Amino acid sequence: MKLDEHTSQRYNAELEAVRNRVLTMGGLVEKQCRQALQALLKGDAELASEVDGADYEVNDLEIEISDRCTEILARRQPAAGDLRMIVAVIRMVSNLERIGDEAAKIGRKARKLADARDRQAYAGESVHLGEGVLQMLHGALDAFARLDVQAAVEIISRDLEIDREFKSLNRLLISHMMEQPQRVKNMLRV
């Protein structure tokens with residue numbers, strides 16, 4: 001799939017600019033997630049603070065891109081493929097912003113856990129799950145960049161696997177809490 005060619009080069013440029021801003025936002029969110037996982041794994045409070053700080057830029061990008069899409073909808077009245085693309089972009093930036101919020105939350109938790117002696121014991125499993133999510137995010141952004149519908153469908157199918165891993169991690173943490181009640185406070189932060 002590719003963007004439709006239009007008689008107006010300006011319209012093409014507007015659509016391409018929106019697409020590029022989404023990819024910029026996606027790259028920032030991907031970096032934010034990667035840094036959050038590293039902060040959690042290494043106990044790096046400074047890196048965790050950077051993740052939290054990047055959230056403002058992600059939020060600003062969501063507003064900017066949504067406004068651009070609304071403007072295109074109002075002025076250009078896109079049809080068919082372009083309309084689907086604009087609607088998908090609006091949904092995508094909303095989801096990217098939520099992912100950024102979650103990365104910031106992981107960053108805040110990593111900062112609280114930075115000095116915990118037993119952080120490594122249970123942070124590793126969470127980081128493993130996070131790396132799977134990060135791979136999905138990267139794949140989704142790549143599919144969007146290439147406008148590859150088939151690749152996007154494959155990413156969606158991997159979501160069930162991540163859900164199973166998440167449930168498994170929760171069960172593992174609960175069993176650790178029952179075995180080691182003195183560590184419950186730190187485990188709840190993960």
# chains A, B, ... in the order shown; residues from 1 in each chain; ligands from 1
$ residues_around --residues "A:Leu28" --least-positions-apart "6" --cutoff "10 Å" --atoms "only C-alpha atoms" --output "CSV table (one decimal) with N, CA and C atoms, in the first residue's frame"
chain,number,residue,atom,x,y,z
A,22,VAL,N,4.3,11.4,12.8
A,22,VAL,CA,3.9,10.2,13.5
A,22,VAL,C,5.1,9.3,13.7
A,34,ARG,N,12.6,2.1,25.7
A,34,ARG,CA,13.9,1.5,25.9
A,34,ARG,C,14.6,2.0,27.1
A,54,ALA,N,10.6,13.2,29.0
A,54,ALA,CA,10.3,13.1,27.6
A,54,ALA,C,8.8,13.0,27.4
A,55,ASP,N,8.1,12.7,28.4
A,55,ASP,CA,6.6,12.5,28.3
A,55,ASP,C,5.9,13.8,27.8
A,57,GLU,N,7.1,16.1,25.7
A,57,GLU,CA,7.3,16.2,24.3
A,57,GLU,C,6.4,15.3,23.5
A,58,VAL,N,6.2,14.1,24.0
A,58,VAL,CA,5.3,13.1,23.4
A,58,VAL,C,3.8,13.7,23.4
A,61,LEU,N,3.4,16.3,20.9
A,61,LEU,CA,3.4,15.8,19.5
A,61,LEU,C,2.0,15.2,19.2
A,96,LEU,N,0.1,5.9,20.9
A,96,LEU,CA,1.5,6.2,21.2
A,96,LEU,C,1.6,7.1,22.5
A,100,GLY,N,3.6,6.2,25.8
A,100,GLY,CA,4.6,7.1,26.4
A,100,GLY,C,4.3,7.3,27.9
$ residues_around --residues "stretch 164-170 of chain A" --least-positions-apart "5" --cutoff "8 Å" --atoms "only C-alpha atoms" --output "PyMOL selection string"
chain A and resi 125-126+129
$ write_last_selection --atoms "C-alpha atoms" --output "CSV table (one decimal), in the first residue's frame"
chain,number,residue,atom,x,y,z
A,125,GLU,CA,11.1,-10.7,34.1
A,126,SER,CA,9.4,-7.3,33.7
A,129,LEU,CA,8.1,-8.6,28.9
$ atom_distance --atom1 "atom CA of A:Leu73" --atom2 "atom CA of A:Val87"
9.4 Å
$ closest_residue --among "A:Met85, A:Leu172, A:Ala79, A:Leu23" --to "A:Ala140" --atoms "only C-alpha atoms"
A:Leu23
$ closest_residue --among "A:Arg10, A:Val133, A:Met177, A:Gly27" --to "A:Glu161" --atoms "only C-alpha atoms"
A:Val133
$ closest_residue --among "A:Cys69, A:Glu14, A:Ala145, A:Met136" --to "A:Arg84" --atoms "only C-alpha atoms"
A:Cys69
$ closest_residue --among "A:Leu40, A:Ala45, A:Val149, A:Ile72" --to "A:Leu15" --atoms "only C-alpha atoms"
A:Ile72
$ closest_residue --among "A:Asp115, A:Glu62, A:Glu154, A:Glu71" --to "A:Arg91" --atoms "only C-alpha atoms"
A:Glu62
$ residues_around --residues "A:Leu137" --least-positions-apart "4" --cutoff "10 Å" --atoms "only C-alpha atoms" --output "mmCIF file with N, CA and C atoms, in the first residue's frame"
data_model
loop_
_atom_site.group_PDB
_atom_site.id
_atom_site.type_symbol
_atom_site.label_atom_id
_atom_site.label_comp_id
_atom_site.auth_asym_id
_atom_site.auth_seq_id
_atom_site.Cartn_x
_atom_site.Cartn_y
_atom_site.Cartn_z
ATOM 1 N N GLY A 26 6.693 8.258 17.157
ATOM 2 C CA GLY A 26 6.914 6.837 17.427
ATOM 3 C C GLY A 26 8.343 6.551 17.838
ATOM 4 N N GLY A 27 9.290 7.193 17.169
ATOM 5 C CA GLY A 27 10.697 7.015 17.526
ATOM 6 C C GLY A 27 10.987 7.506 18.932
ATOM 7 N N VAL A 29 8.776 7.699 21.418
ATOM 8 C CA VAL A 29 8.132 6.773 22.356
ATOM 9 C C VAL A 29 8.952 5.484 22.475
ATOM 10 N N GLU A 30 9.460 5.021 21.347
ATOM 11 C CA GLU A 30 10.297 3.815 21.360
ATOM 12 C C GLU A 30 11.543 4.047 22.227
ATOM 13 N N CYS A 33 10.554 4.085 25.895
ATOM 14 C CA CYS A 33 10.332 2.721 26.409
ATOM 15 C C CYS A 33 11.657 2.009 26.659
ATOM 16 N N LEU A 96 0.090 5.926 20.933
ATOM 17 C CA LEU A 96 1.501 6.225 21.201
ATOM 18 C C LEU A 96 1.640 7.083 22.454
ATOM 19 N N ILE A 99 1.232 4.851 25.406
ATOM 20 C CA ILE A 99 2.446 4.050 25.599
ATOM 21 C C ILE A 99 3.520 4.911 26.265
ATOM 22 N N GLU A 131 10.584 -5.877 26.659
ATOM 23 C CA GLU A 131 11.318 -6.010 25.394
ATOM 24 C C GLU A 131 10.430 -6.598 24.303
ATOM 25 N N GLY A 132 9.545 -7.519 24.682
ATOM 26 C CA GLY A 132 8.585 -8.057 23.715
ATOM 27 C C GLY A 132 7.637 -6.978 23.217
ATOM 28 N N VAL A 133 7.177 -6.147 24.129
ATOM 29 C CA VAL A 133 6.299 -5.030 23.765
ATOM 30 C C VAL A 133 7.054 -4.047 22.873
ATOM 31 N N LEU A 141 5.581 0.453 14.012
ATOM 32 C CA LEU A 141 6.080 1.689 13.391
ATOM 33 C C LEU A 141 6.694 1.408 12.027
ATOM 34 N N ASP A 142 7.397 0.293 11.920
ATOM 35 C CA ASP A 142 7.984 -0.095 10.643
ATOM 36 C C ASP A 142 6.887 -0.384 9.613
ATOM 37 N N ALA A 143 5.848 -1.096 10.036
ATOM 38 C CA ALA A 143 4.730 -1.389 9.131
ATOM 39 C C ALA A 143 4.062 -0.094 8.672
ATOM 40 N N ILE A 155 1.647 -8.115 13.541
ATOM 41 C CA ILE A 155 1.911 -7.495 14.848
ATOM 42 C C ILE A 155 0.715 -7.711 15.768
#
$ atom_distance --atom1 "atom CA of A:Leu134" --atom2 "atom CA of A:Glu46"
21.1 Å
$ closest_residue --among "A:Gln32, A:Ala88, A:Glu102, A:Val18" --to "A:Asp67" --atoms "only C-alpha atoms"
A:Val18
$ atom_distance --atom1 "atom CA of A:Asp163" --atom2 "atom CA of A:His128"
13.1 Å
